[in-house]
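Participant: You'll find target21.pdb just under this line, and it carries PDB, C-alpha atoms.
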ATOM      1  CA  MET A   1       0.000   0.000   0.000
ATOM      2  CA  ALA A   2       1.514   3.325  -1.089
ATOM      3  CA  THR A   3       2.282   5.973   1.495
ATOM      4  CA  ALA A   4       1.119   9.576   0.774
ATOM      5  CA  TYR A   5       3.534  12.381   1.601
ATOM      6  CA  VAL A   6       2.533  16.017   1.973
ATOM      7  CA  PHE A   7       5.974  17.369   1.041
ATOM      8  CA  THR A   8       8.501  15.920  -1.388
ATOM      9  CA  LEU A   9      11.737  17.074  -2.971
ATOM     10  CA  GLN A  10       9.762  18.013  -6.082
ATOM     11  CA  PRO A  11       6.931  20.322  -4.891
ATOM     12  CA  THR A  12       3.544  19.755  -6.396
ATOM     13  CA  PHE A  13       0.910  22.430  -7.069
ATOM     14  CA  THR A  14      -0.782  21.744  -3.724
ATOM     15  CA  GLN A  15       2.507  21.969  -1.853
ATOM     16  CA  GLY A  16       3.369  25.240  -3.587
ATOM     17  CA  LEU A  17      -0.032  26.670  -2.741
ATOM     18  CA  ILE A  18       0.380  25.738   0.914
ATOM     19  CA  LEU A  19       3.880  27.235   1.062
ATOM     20  CA  GLY A  20       2.692  30.411  -0.658
ATOM     21  CA  GLN A  21      -0.205  30.935   1.742
ATOM     22  CA  ALA A  22       2.018  30.239   4.732
ATOM     23  CA  SER A  23       4.656  32.723   3.541
ATOM     24  CA  ILE A  24       2.003  35.427   3.043
ATOM     25  CA  LEU A  25       0.600  34.867   6.539
ATOM     26  CA  LEU A  26       4.109  34.963   8.012
ATOM     27  CA  PHE A  27       4.863  38.190   6.155
ATOM     28  CA  LEU A  28       1.659  39.840   7.411
ATOM     29  CA  PHE A  29       2.412  38.688  10.947
ATOM     30  CA  LEU A  30       5.909  40.209  10.851
ATOM     31  CA  VAL A  31       4.622  43.490   9.388
ATOM     32  CA  LEU A  32       1.960  43.861  12.078
ATOM     33  CA  LYS A  33       4.208  42.735  14.893
ATOM     34  CA  TYR A  34       7.241  44.917  14.151
ATOM     35  CA  LEU A  35       5.693  47.952  12.439
ATOM     36  CA  PHE A  36       2.339  48.576  14.122
ATOM     37  CA  PHE A  37       2.306  46.598  17.374
ATOM     38  CA  ASP A  38       4.349  47.411  20.457
ATOM     39  CA  THR A  39       5.582  44.180  22.045
ATOM     40  CA  ASP A  40       7.516  45.725  24.930
ATOM     41  CA  PRO A  41       5.654  44.638  28.113
ATOM     42  CA  ASP A  42       7.635  47.068  30.329
ATOM     43  CA  ARG A  43       5.910  50.132  28.896
ATOM     44  CA  PRO A  44       2.345  50.571  30.178
ATOM     45  CA  TYR A  45       1.829  53.171  27.496
ATOM     46  CA  ARG A  46       3.848  54.901  24.819
ATOM     47  CA  LYS A  47       3.825  58.676  24.708
ATOM     48  CA  ALA A  48       3.254  59.487  21.067
ATOM     49  CA  SER A  49       5.791  61.659  19.273
ATOM     50  CA  TYR A  50       2.824  63.348  17.630
ATOM     51  CA  GLN A  51      -0.108  64.476  19.734
ATOM     52  CA  PRO A  52      -3.179  65.661  17.817
ATOM     53  CA  LYS A  53      -4.085  69.242  18.556
ATOM     54  CA  VAL A  54      -7.497  70.873  18.583
ATOM     55  CA  GLU A  55      -7.937  73.580  15.986
ATOM     56  CA  SER A  56     -10.176  76.366  17.246
ATOM     57  CA  GLY A  57     -10.473  77.978  13.800
ATOM     58  CA  ASP A  58     -13.203  80.560  13.289
ATOM     59  CA  LEU A  59     -15.393  79.168  16.049
ATOM     60  CA  GLU A  60     -13.520  80.988  18.816
ATOM     61  CA  GLU A  61     -15.524  84.189  18.486
ATOM     62  CA  GLU A  62     -18.781  82.229  18.433
ATOM     63  CA  PHE A  63     -17.732  80.374  21.591
ATOM     64  CA  LYS A  64     -17.302  83.732  23.320
ATOM     65  CA  SER A  65     -20.609  85.009  22.037
ATOM     66  CA  ARG A  66     -22.377  81.917  23.355
ATOM     67  CA  ARG A  67     -21.138  82.502  26.889
ATOM     68  CA  VAL A  68     -23.722  84.265  29.046
ATOM     69  CA  ASP A  69     -22.533  87.753  29.916
ATOM     70  CA  PHE A  70     -24.158  89.611  32.788
ATOM     71  CA  GLY A  71     -23.181  92.979  31.371
ATOM     72  CA  LYS A  72     -22.727  96.066  33.509
ATOM     73  CA  ASP A  73     -24.534  96.110  36.833
ATOM     74  CA  GLY A  74     -25.908  92.627  36.117
ATOM     75  CA  VAL A  75     -28.125  93.840  33.271
ATOM     76  CA  SER A  76     -28.601  91.558  30.293
ATOM     77  CA  PRO A  77     -26.601  92.879  27.297
ATOM     78  CA  HIS A  78     -29.428  91.981  24.924
ATOM     79  CA  GLY A  79     -31.726  94.643  26.356
ATOM     80  CA  GLY A  80     -35.340  95.130  25.407
ATOM     81  CA  GLU A  81     -37.295  91.930  25.018
ATOM     82  CA  VAL A  82     -35.638  88.901  26.601
ATOM     83  CA  GLU A  83     -36.883  85.369  26.064
ATOM     84  CA  SER A  84     -38.326  83.682  29.108
ATOM     85  CA  SER A  85     -35.587  81.041  29.379
ATOM     86  CA  GLU A  86     -32.683  83.479  29.734
ATOM     87  CA  TRP A  87     -32.811  83.199  33.519
ATOM     88  CA  LEU A  88     -32.249  79.457  33.107
ATOM     89  CA  ASN A  89     -29.305  80.063  30.769
ATOM     90  CA  VAL A  90     -27.692  82.294  33.399
ATOM     91  CA  PHE A  91     -28.297  79.592  35.999
ATOM     92  CA  LEU A  92     -26.695  76.891  33.811
ATOM     93  CA  GLN A  93     -23.694  79.104  33.132
ATOM     94  CA  GLN A  94     -23.084  79.588  36.838
ATOM     95  CA  VAL A  95     -23.502  75.883  37.585
ATOM     96  CA  LEU A  96     -20.990  74.812  34.919
ATOM     97  CA  ASP A  97     -18.526  77.492  35.997
ATOM     98  CA  ALA A  98     -18.771  76.192  39.572
ATOM     99  CA  TYR A  99     -17.973  72.650  38.411
ATOM    100  CA  ARG A 100     -15.063  73.864  36.274
ATOM    101  CA  VAL A 101     -13.549  75.730  39.223
ATOM    102  CA  LYS A 102     -14.080  72.714  41.491
ATOM    103  CA  LEU A 103     -12.419  70.386  38.965
ATOM    104  CA  ARG A 104      -9.371  72.651  38.962
ATOM    105  CA  ASN A 105      -9.418  72.774  42.780
ATOM    106  CA  GLY A 106      -9.846  76.548  42.615
ATOM    107  CA  LEU A 107      -6.442  77.017  40.978
ATOM    108  CA  ALA A 108      -5.768  79.130  37.906
ATOM    109  CA  GLY A 109      -3.290  78.829  35.058
ATOM    110  CA  LEU A 110      -1.098  75.789  34.413
ATOM    111  CA  GLU A 111      -1.415  74.555  37.992
ATOM    112  CA  GLY A 112      -5.202  74.320  37.671
ATOM    113  CA  ASP A 113      -4.867  72.659  34.262
ATOM    114  CA  GLU A 114      -2.647  69.971  35.761
ATOM    115  CA  VAL A 115      -5.083  69.279  38.620
ATOM    116  CA  ALA A 116      -7.975  68.897  36.164
ATOM    117  CA  ARG A 117      -5.888  66.696  33.857
ATOM    118  CA  GLN A 118      -4.863  64.395  36.707
ATOM    119  CA  ARG A 119      -8.440  64.028  37.965
ATOM    120  CA  VAL A 120      -9.731  63.164  34.514
ATOM    121  CA  GLU A 121      -6.890  60.661  34.064
ATOM    122  CA  ASP A 122      -7.672  58.962  37.381
ATOM    123  CA  PHE A 123     -11.352  58.701  36.451
ATOM    124  CA  ALA A 124     -10.579  57.359  32.964
ATOM    125  CA  ASN A 125      -8.380  54.589  34.351
ATOM    126  CA  LYS A 126     -10.965  53.760  36.998
ATOM    127  CA  ILE A 127     -13.636  52.948  34.392
ATOM    128  CA  ARG A 128     -11.435  51.571  31.584
ATOM    129  CA  PRO A 129     -11.801  47.897  30.554
ATOM    130  CA  THR A 130      -8.513  46.482  31.851
ATOM    131  CA  GLY A 131      -8.583  43.495  29.520
ATOM    132  CA  LEU A 132      -8.901  45.675  26.430
ATOM    133  CA  LEU A 133      -7.054  48.925  27.132
ATOM    134  CA  ASP A 134      -3.716  49.602  28.783
ATOM    135  CA  TYR A 135      -3.124  52.538  31.118
ATOM    136  CA  ILE A 136      -4.708  55.716  29.737
ATOM    137  CA  LYS A 137      -2.465  58.768  29.720
ATOM    138  CA  VAL A 138      -4.374  62.066  29.519
ATOM    139  CA  HIS A 139      -2.207  64.753  27.923
ATOM    140  CA  SER A 140      -4.597  67.703  28.035
ATOM    141  CA  VAL A 141      -8.178  68.575  28.930
ATOM    142  CA  ASP A 142     -10.182  71.610  27.838
ATOM    143  CA  MET A 143     -13.460  71.954  29.744
ATOM    144  CA  GLY A 144     -14.687  74.872  27.631
ATOM    145  CA  SER A 145     -16.113  78.163  28.870
ATOM    146  CA  SER A 146     -19.737  78.445  27.742
ATOM    147  CA  ALA A 147     -22.961  76.659  28.700
ATOM    148  CA  PRO A 148     -25.986  75.192  26.911
ATOM    149  CA  GLN A 149     -28.401  77.813  25.620
ATOM    150  CA  LEU A 150     -32.100  77.000  26.049
ATOM    151  CA  SER A 151     -34.806  78.644  23.945
ATOM    152  CA  ARG A 152     -38.363  78.211  22.666
ATOM    153  CA  ALA A 153     -39.928  76.870  25.848
ATOM    154  CA  ARG A 154     -43.118  74.965  24.972
ATOM    155  CA  ILE A 155     -45.679  73.433  27.321
ATOM    156  CA  HIS A 156     -47.220  70.154  26.194
ATOM    157  CA  ARG A 157     -50.334  69.285  28.139
ATOM    158  CA  GLN A 158     -51.094  65.585  28.223
ATOM    159  CA  SER A 159     -54.505  64.281  27.201
ATOM    160  CA  THR A 160     -54.277  61.489  29.777
ATOM    161  CA  PRO A 161     -56.176  62.377  32.982
ATOM    162  CA  GLY A 162     -53.844  63.038  35.899
ATOM    163  CA  ALA A 163     -50.732  63.275  33.718
ATOM    164  CA  GLU A 164     -48.449  66.224  34.369
ATOM    165  CA  PRO A 165     -47.594  68.640  31.525
ATOM    166  CA  ASN A 166     -44.151  68.504  29.927
ATOM    167  CA  ILE A 167     -41.980  71.523  29.198
ATOM    168  CA  GLU A 168     -39.824  71.198  26.111
ATOM    169  CA  TYR A 169     -36.830  73.388  25.227
ATOM    170  CA  ASP A 170     -34.502  73.674  22.254
ATOM    171  CA  MET A 171     -30.898  73.409  23.410
ATOM    172  CA  ASN A 172     -27.757  74.515  21.588
ATOM    173  CA  TYR A 173     -24.324  74.009  23.095
ATOM    174  CA  ILE A 174     -21.431  75.567  21.180
ATOM    175  CA  ASP A 175     -18.061  75.356  22.888
ATOM    176  CA  SER A 176     -14.501  74.022  22.605
ATOM    177  CA  VAL A 177     -14.500  70.949  24.848
ATOM    178  CA  SER A 178     -11.682  68.516  24.119
ATOM    179  CA  ILE A 179      -9.498  65.776  25.560
ATOM    180  CA  SER A 180      -6.216  64.347  24.280
ATOM    181  CA  ILE A 181      -5.160  60.866  25.397
ATOM    182  CA  SER A 182      -2.805  58.021  24.532
ATOM    183  CA  THR A 183      -3.129  54.344  25.405
ATOM    184  CA  SER A 184      -2.656  50.896  23.893
ATOM    185  CA  VAL A 185      -5.153  48.323  22.706
ATOM    186  CA  LEU A 186      -4.224  44.946  24.198
ATOM    187  CA  PHE A 187      -4.126  41.720  22.182
ATOM    188  CA  ASN A 188      -4.266  38.688  24.476
ATOM    189  CA  TYR A 189      -4.359  36.003  21.782
ATOM    190  CA  PRO A 190      -2.762  33.504  21.399
ATOM    191  CA  PHE A 191      -1.426  34.335  24.891
ATOM    192  CA  ALA A 192      -1.762  37.154  27.416
ATOM    193  CA  SER A 193      -0.064  40.448  26.513
ATOM    194  CA  PHE A 194       0.755  39.095  23.063
ATOM    195  CA  ALA A 195       0.975  42.592  21.548
ATOM    196  CA  ARG A 196      -0.103  46.188  22.013
ATOM    197  CA  LEU A 197      -1.380  48.672  19.467
ATOM    198  CA  PRO A 198      -0.456  52.231  20.597
ATOM    199  CA  VAL A 199      -3.193  54.781  19.991
ATOM    200  CA  SER A 200      -3.106  58.569  20.399
ATOM    201  CA  LEU A 201      -6.466  60.267  20.230
ATOM    202  CA  THR A 202      -7.951  63.735  20.520
ATOM    203  CA  ILE A 203     -11.713  64.224  20.734
ATOM    204  CA  SER A 204     -13.178  67.716  20.467
ATOM    205  CA  LEU A 205     -16.806  68.810  20.665
ATOM    206  CA  SER A 206     -17.909  71.975  18.869
ATOM    207  CA  LEU A 207     -21.704  71.659  18.685
ATOM    208  CA  PHE A 208     -24.406  69.718  20.461
ATOM    209  CA  SER A 209     -27.979  70.559  19.547
ATOM    210  CA  SER A 210     -31.013  68.762  20.884
ATOM    211  CA  SER A 211     -34.424  69.133  22.428
ATOM    212  CA  VAL A 212     -34.759  68.818  26.196
ATOM    213  CA  CYS A 213     -37.917  67.667  27.935
ATOM    214  CA  LEU A 214     -38.536  68.746  31.525
ATOM    215  CA  THR A 215     -41.175  66.766  33.416
ATOM    216  CA  PRO A 216     -42.270  68.308  36.745
ATOM    217  CA  PRO A 217     -42.930  66.036  39.728
ATOM    218  CA  ASN A 218     -46.256  64.271  40.019
ATOM    219  CA  PRO A 219     -47.788  65.139  43.420
ATOM    220  CA  HIS A 220     -49.477  61.724  43.581
ATOM    221  CA  SER A 221     -46.288  59.740  42.894
ATOM    222  CA  PRO A 222     -44.892  57.824  45.908
ATOM    223  CA  HIS A 223     -41.427  59.221  45.095
ATOM    224  CA  PRO A 224     -41.819  62.553  43.237
ATOM    225  CA  THR A 225     -38.865  63.601  41.063
ATOM    226  CA  ILE A 226     -38.008  66.163  38.407
ATOM    227  CA  THR A 227     -37.112  64.370  35.174
ATOM    228  CA  PHE A 228     -34.876  65.662  32.391
ATOM    229  CA  THR A 229     -34.939  63.755  29.096
ATOM    230  CA  LEU A 230     -32.299  64.378  26.438
ATOM    231  CA  PRO A 231     -33.245  64.296  23.631
ATOM    232  CA  ALA A 232     -37.020  64.537  23.849
ATOM    233  CA  ARG A 233     -39.018  61.541  22.680
ATOM    234  CA  HIS A 234     -39.275  60.857  18.954
ATOM    235  CA  GLU A 235     -36.639  63.491  18.148
ATOM    236  CA  ASP A 236     -33.036  63.314  17.036
ATOM    237  CA  PHE A 237     -30.045  65.433  18.007
ATOM    238  CA  THR A 238     -27.017  66.966  16.308
ATOM    239  CA  LEU A 239     -23.535  66.063  17.513
ATOM    240  CA  ASP A 240     -20.633  67.810  15.779
ATOM    241  CA  MET A 241     -17.365  66.234  16.866
ATOM    242  CA  LYS A 242     -13.864  66.060  15.496
ATOM    243  CA  THR A 243     -11.417  63.256  16.199
ATOM    244  CA  THR A 244      -7.745  63.117  15.285
ATOM    245  CA  SER A 245      -5.924  59.850  15.812
ATOM    246  CA  LEU A 246      -2.583  58.155  15.395
ATOM    247  CA  MET A 247      -2.271  54.362  15.514
ATOM    248  CA  GLY A 248       0.812  52.180  15.407
ATOM    249  CA  SER A 249       4.278  51.801  16.889
ATOM    250  CA  ARG A 250       6.896  52.311  14.148
ATOM    251  CA  ALA A 251       4.579  52.699  11.174
ATOM    252  CA  LYS A 252       1.647  54.965  12.017
ATOM    253  CA  LEU A 253      -1.864  55.322  10.643
ATOM    254  CA  GLU A 254      -3.245  58.844  10.928
ATOM    255  CA  ASP A 255      -6.931  59.827  11.282
ATOM    256  CA  VAL A 256      -8.559  56.466  10.546
ATOM    257  CA  PRO A 257     -12.170  57.176   9.386
ATOM    258  CA  LYS A 258     -13.582  53.980  10.900
ATOM    259  CA  LEU A 259     -12.236  54.947  14.318
ATOM    260  CA  HIS A 260     -14.050  58.280  14.097
ATOM    261  CA  GLU A 261     -17.282  56.517  13.144
ATOM    262  CA  LEU A 262     -16.911  54.062  16.019
ATOM    263  CA  ILE A 263     -16.333  56.792  18.613
ATOM    264  CA  LEU A 264     -19.215  58.900  17.316
ATOM    265  CA  HIS A 265     -21.548  55.891  17.299
ATOM    266  CA  GLN A 266     -20.645  54.948  20.883
ATOM    267  CA  ILE A 267     -21.149  58.505  22.171
ATOM    268  CA  ARG A 268     -24.526  58.778  20.445
ATOM    269  CA  ARG A 269     -25.551  55.411  21.905
ATOM    270  CA  VAL A 270     -24.613  56.502  25.441
ATOM    271  CA  ILE A 271     -26.588  59.749  25.061
ATOM    272  CA  VAL A 272     -29.680  57.833  23.960
ATOM    273  CA  GLU A 273     -29.387  55.163  26.669
ATOM    274  CA  LYS A 274     -28.317  57.458  29.543
ATOM    275  CA  GLY A 275     -30.158  60.601  28.469
ATOM    276  CA  THR A 276     -32.683  60.621  31.321
ATOM    277  CA  TRP A 277     -31.865  62.159  34.691
ATOM    278  CA  LYS A 278     -34.081  62.249  37.748
ATOM    279  CA  VAL A 279     -33.605  64.921  40.414
ATOM    280  CA  VAL A 280     -34.601  63.752  43.881
ATOM    281  CA  LEU A 281     -36.650  66.282  45.855
ATOM    282  CA  PRO A 282     -35.383  66.686  49.441
ATOM    283  CA  GLY A 283     -37.763  65.331  52.041
ATOM    284  CA  LEU A 284     -39.996  63.567  49.485
ATOM    285  CA  ALA A 285     -37.793  60.692  48.323
ATOM    286  CA  SER A 286     -34.350  59.182  48.715
ATOM    287  CA  VAL A 287     -31.794  58.284  46.063
ATOM    288  CA  THR A 288     -32.179  54.590  46.896
ATOM    289  CA  GLU A 289     -35.946  54.703  46.397
ATOM    290  CA  VAL A 290     -35.630  56.515  43.064
ATOM    291  CA  LYS A 291     -32.985  54.033  41.857
ATOM    292  CA  GLN A 292     -35.367  51.199  42.687
ATOM    293  CA  ASP A 293     -38.144  52.941  40.734
ATOM    294  CA  VAL A 294     -35.850  53.350  37.718
ATOM    295  CA  LYS A 295     -34.895  49.669  37.896
ATOM    296  CA  MET A 296     -38.551  48.615  37.950
ATOM    297  CA  GLU A 297     -39.340  50.915  34.999
ATOM    298  CA  ARG A 298     -36.555  49.329  32.942
ATOM    299  CA  GLU A 299     -37.744  45.821  33.788
ATOM    300  CA  LEU A 300     -41.298  46.704  32.738
ATOM    301  CA  ALA A 301     -40.014  48.267  29.526
ATOM    302  CA  GLU A 302     -37.985  45.140  28.716
ATOM    303  CA  LYS A 303     -40.972  42.878  29.365
ATOM    304  CA  SER A 304     -43.270  44.958  27.154
ATOM    305  CA  PHE A 305     -40.593  45.004  24.423
ATOM    306  CA  ASN A 306     -40.191  41.236  24.529
TER     307      ASN A 306
END
With the file now loaded, output its structure as structure tokens.
Facilitator:
Amino acid sequence: MATAYVFTLQPTFTQGLILGQASILLFLFLVLKYLFFDTDPDRPYRKASYQPKVESGDLEEEFKSRRVDFGKDGVSPHGGEVESSEWLNVFLQQVLDAYRVKLRNGLAGLEGDEVARQRVEDFANKIRPTGLLDYIKVHSVDMGSSAPQLSRARIHRQSTPGAEPNIEYDMNYIDSVSISISTSVLFNYPFASFARLPVSLTISLSLFSSSVCLTPPNPHSPHPTITFTLPARHEDFTLDMKTTSLMGSRAKLEDVPKLHELILHQIRRVIVEKGTWKVVLPGLASVTEVKQDVKMERELAEKSFN
């Protein structure tokens, strides 16, 4: 009985095909491993030689114009007729300014920038998926200077008996909010820490436009809350973002379009899924009770969907 050999001294067509495919796979492996991947396990992250910068362009003047200005003696600079939601815009401006100062620990200049950068970096590494991303290095953070502008307040009275009316606003947020980071995507196959793909990324937001629905508390609810929904039901929103990226170790890929699409899709998904906030009224409910109500609402929504 003849014995079949896979390889002989005179290669056949099948043997040549196998060798050709194997050589191509080996070549691709070497290119990825030594040009794009970073295989040094001693570096938790690689500081990129090129860090994407945010270009302010012609939007800088519009950012300033969107910031609420109290004018002289606290008088609105618009004068004359003022829309009814301007008081709320002033309130939002003060609230965001308070958070910005708190994030910087009350410090100004480069010292305050460093405090804000370090706090954002600590938070980013606290929530990062450790099996997918290496240590996240935050290079710079710009928290912006303006606040969302609300306009066209509309009251929608519900036809259902006992239902509370909803107040809907149009919101426009124009600012220069950005963050610049660098990290590495981990590849744990075929073994742990097999390779790392260094990534430098800058994300900047210039415009966020949406409708906002404000639902006042229901006096007959066991746990009354004020509910903010963003965006309002059955409406879309506008998200104008710019991402600049750099991927690779020795050979680098700049501004990959698919990465921009992925980031934009994930941010839009989070806004849709997490776009409802409930404000607990002191003395009428506790945070634990409201969380339990939200959990029950989600379970009922899932059951009705299924």
Participant: Point out the residue among A:Gln94, A:Ser286, A:Ser182, A:Ser151 with the least atom-to-atom distance to A:Asn125, counting only C-alpha atoms.
Facilitator: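 Using only C-alpha atoms, the shortest distance to A:Asn125 belongs to A:Ser182.
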Participant: Given the file shown, enumerate the residues that the PyMOL selection byres ((chain A and resi 132-148) around 9) captures and present them as an mmCIF file with C-alpha atoms, in the frame of the given file.
Facilitator:
data_model
loop_
_atom_site.group_PDB
_atom_site.id
_atom_site.type_symbol
_atom_site.label_atom_id
_atom_site.label_comp_id
_atom_site.auth_asym_id
_atom_site.auth_seq_id
_atom_site.Cartn_x
_atom_site.Cartn_y
_atom_site.Cartn_z
ATOM 1 C CA PRO A 44 2.345 50.571 30.178
ATOM 2 C CA TYR A 45 1.829 53.171 27.496
ATOM 3 C CA ARG A 46 3.848 54.901 24.819
ATOM 4 C CA LYS A 47 3.825 58.676 24.708
ATOM 5 C CA GLN A 51 -0.108 64.476 19.734
ATOM 6 C CA PHE A 63 -17.732 80.374 21.591
ATOM 7 C CA LYS A 64 -17.302 83.732 23.320
ATOM 8 C CA SER A 65 -20.609 85.009 22.037
ATOM 9 C CA ARG A 66 -22.377 81.917 23.355
ATOM 10 C CA ARG A 67 -21.138 82.502 26.889
ATOM 11 C CA VAL A 68 -23.722 84.265 29.046
ATOM 12 C CA ASN A 89 -29.305 80.063 30.769
ATOM 13 C CA VAL A 90 -27.692 82.294 33.399
ATOM 14 C CA LEU A 92 -26.695 76.891 33.811
ATOM 15 C CA GLN A 93 -23.694 79.104 33.132
ATOM 16 C CA GLN A 94 -23.084 79.588 36.838
ATOM 17 C CA VAL A 95 -23.502 75.883 37.585
ATOM 18 C CA LEU A 96 -20.990 74.812 34.919
ATOM 19 C CA ASP A 97 -18.526 77.492 35.997
ATOM 20 C CA ARG A 100 -15.063 73.864 36.274
ATOM 21 C CA ASP A 113 -4.867 72.659 34.262
ATOM 22 C CA GLU A 114 -2.647 69.971 35.761
ATOM 23 C CA ALA A 116 -7.975 68.897 36.164
ATOM 24 C CA ARG A 117 -5.888 66.696 33.857
ATOM 25 C CA GLN A 118 -4.863 64.395 36.707
ATOM 26 C CA VAL A 120 -9.731 63.164 34.514
ATOM 27 C CA GLU A 121 -6.890 60.661 34.064
ATOM 28 C CA ASP A 122 -7.672 58.962 37.381
ATOM 29 C CA ALA A 124 -10.579 57.359 32.964
ATOM 30 C CA ASN A 125 -8.380 54.589 34.351
ATOM 31 C CA ARG A 128 -11.435 51.571 31.584
ATOM 32 C CA PRO A 129 -11.801 47.897 30.554
ATOM 33 C CA THR A 130 -8.513 46.482 31.851
ATOM 34 C CA GLY A 131 -8.583 43.495 29.520
ATOM 35 C CA GLN A 149 -28.401 77.813 25.620
ATOM 36 C CA LEU A 150 -32.100 77.000 26.049
ATOM 37 C CA MET A 171 -30.898 73.409 23.410
ATOM 38 C CA ASN A 172 -27.757 74.515 21.588
ATOM 39 C CA TYR A 173 -24.324 74.009 23.095
ATOM 40 C CA ILE A 174 -21.431 75.567 21.180
ATOM 41 C CA ASP A 175 -18.061 75.356 22.888
ATOM 42 C CA SER A 176 -14.501 74.022 22.605
ATOM 43 C CA VAL A 177 -14.500 70.949 24.848
ATOM 44 C CA SER A 178 -11.682 68.516 24.119
ATOM 45 C CA ILE A 179 -9.498 65.776 25.560
ATOM 46 C CA SER A 180 -6.216 64.347 24.280
ATOM 47 C CA ILE A 181 -5.160 60.866 25.397
ATOM 48 C CA SER A 182 -2.805 58.021 24.532
ATOM 49 C CA THR A 183 -3.129 54.344 25.405
ATOM 50 C CA SER A 184 -2.656 50.896 23.893
ATOM 51 C CA VAL A 185 -5.153 48.323 22.706
ATOM 52 C CA LEU A 186 -4.224 44.946 24.198
ATOM 53 C CA PHE A 187 -4.126 41.720 22.182
ATOM 54 C CA ASN A 188 -4.266 38.688 24.476
ATOM 55 C CA ARG A 196 -0.103 46.188 22.013
ATOM 56 C CA SER A 204 -13.178 67.716 20.467
ATOM 57 C CA PHE A 208 -24.406 69.718 20.461
ATOM 58 C CA SER A 209 -27.979 70.559 19.547
#
Participant: Nearest residue to A:Met247 out of A:Leu197, A:Thr288, A:Thr202, A:Leu230, using all atoms listed in the file?
Facilitator: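 Residue with the minimum atom-to-atom distance to A:Met247: A:Leu197.
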Participant: Please enclose the listed atoms of stretch 277-280 of chain A in an axis-aligned box, pad each side by 4 Å, and write out the centre and the three edge lengths in Å, rounded to one decimal, as AutoDock Vina command-line options.
Facilitator:
--center_x -33.2 --center_y 63.5 --center_z 39.3 --size_x 10.7 --size_y 10.8 --size_z 17.2
Participant: Would you kindly translate the PyMOL selection byres ((chain A and resi 292-298) around 12) into the concrete residues it picks from this file, as a PyMOL selection string?
Facilitator: chain A and resi 221-225+227+273-274+276-278+280+285-291+299-305
Participant: So the first atom is atom CA of A:Val212 and the second is atom CA of A:Ile167; what is the distance between them in Å, to one decimal place?
Facilitator: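 For atom CA of A:Val212 relative to atom CA of A:Ile167, the distance reads 8.3 Å.
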Participant: So how far away is atom CA of A:Ile263 from atom CA of A:Thr243, in Å?
Facilitator: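 Rounded to one decimal, the two atoms are 8.5 Å apart.
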Participant: Using the chain letters and numbers from the file, give me the residues hit by the PyMOL selection byres ((chain A and resi 268) around 12), as a list of chain:residue names.
Facilitator: A:Phe208, A:Ser210, A:Leu230, A:Pro231, A:Asp236, A:Phe237, A:Thr238, A:Leu239, A:Asp240, A:Met241, A:Glu261, A:Leu262, A:Ile263, A:Leu264, A:His265, A:Gln266, A:Ile267, A:Arg269, A:Val270, A:Ile271, A:Val272, A:Glu273, A:Lys274, A:Gly275
Participant: Rounded to one decimal, what separation in Å do you get between atom CA of A:Phe228 and atom CA of A:Pro165?
Facilitator: 13.1 Å
Participant: With all atoms listed in the file as the basis for distance, which of A:Gly109, A:Pro216, A:Gly248, A:Pro257 is at the shortest distance from A:Ala163?
Facilitator: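 So, comparing all the options, the nearest one is A:Pro216.
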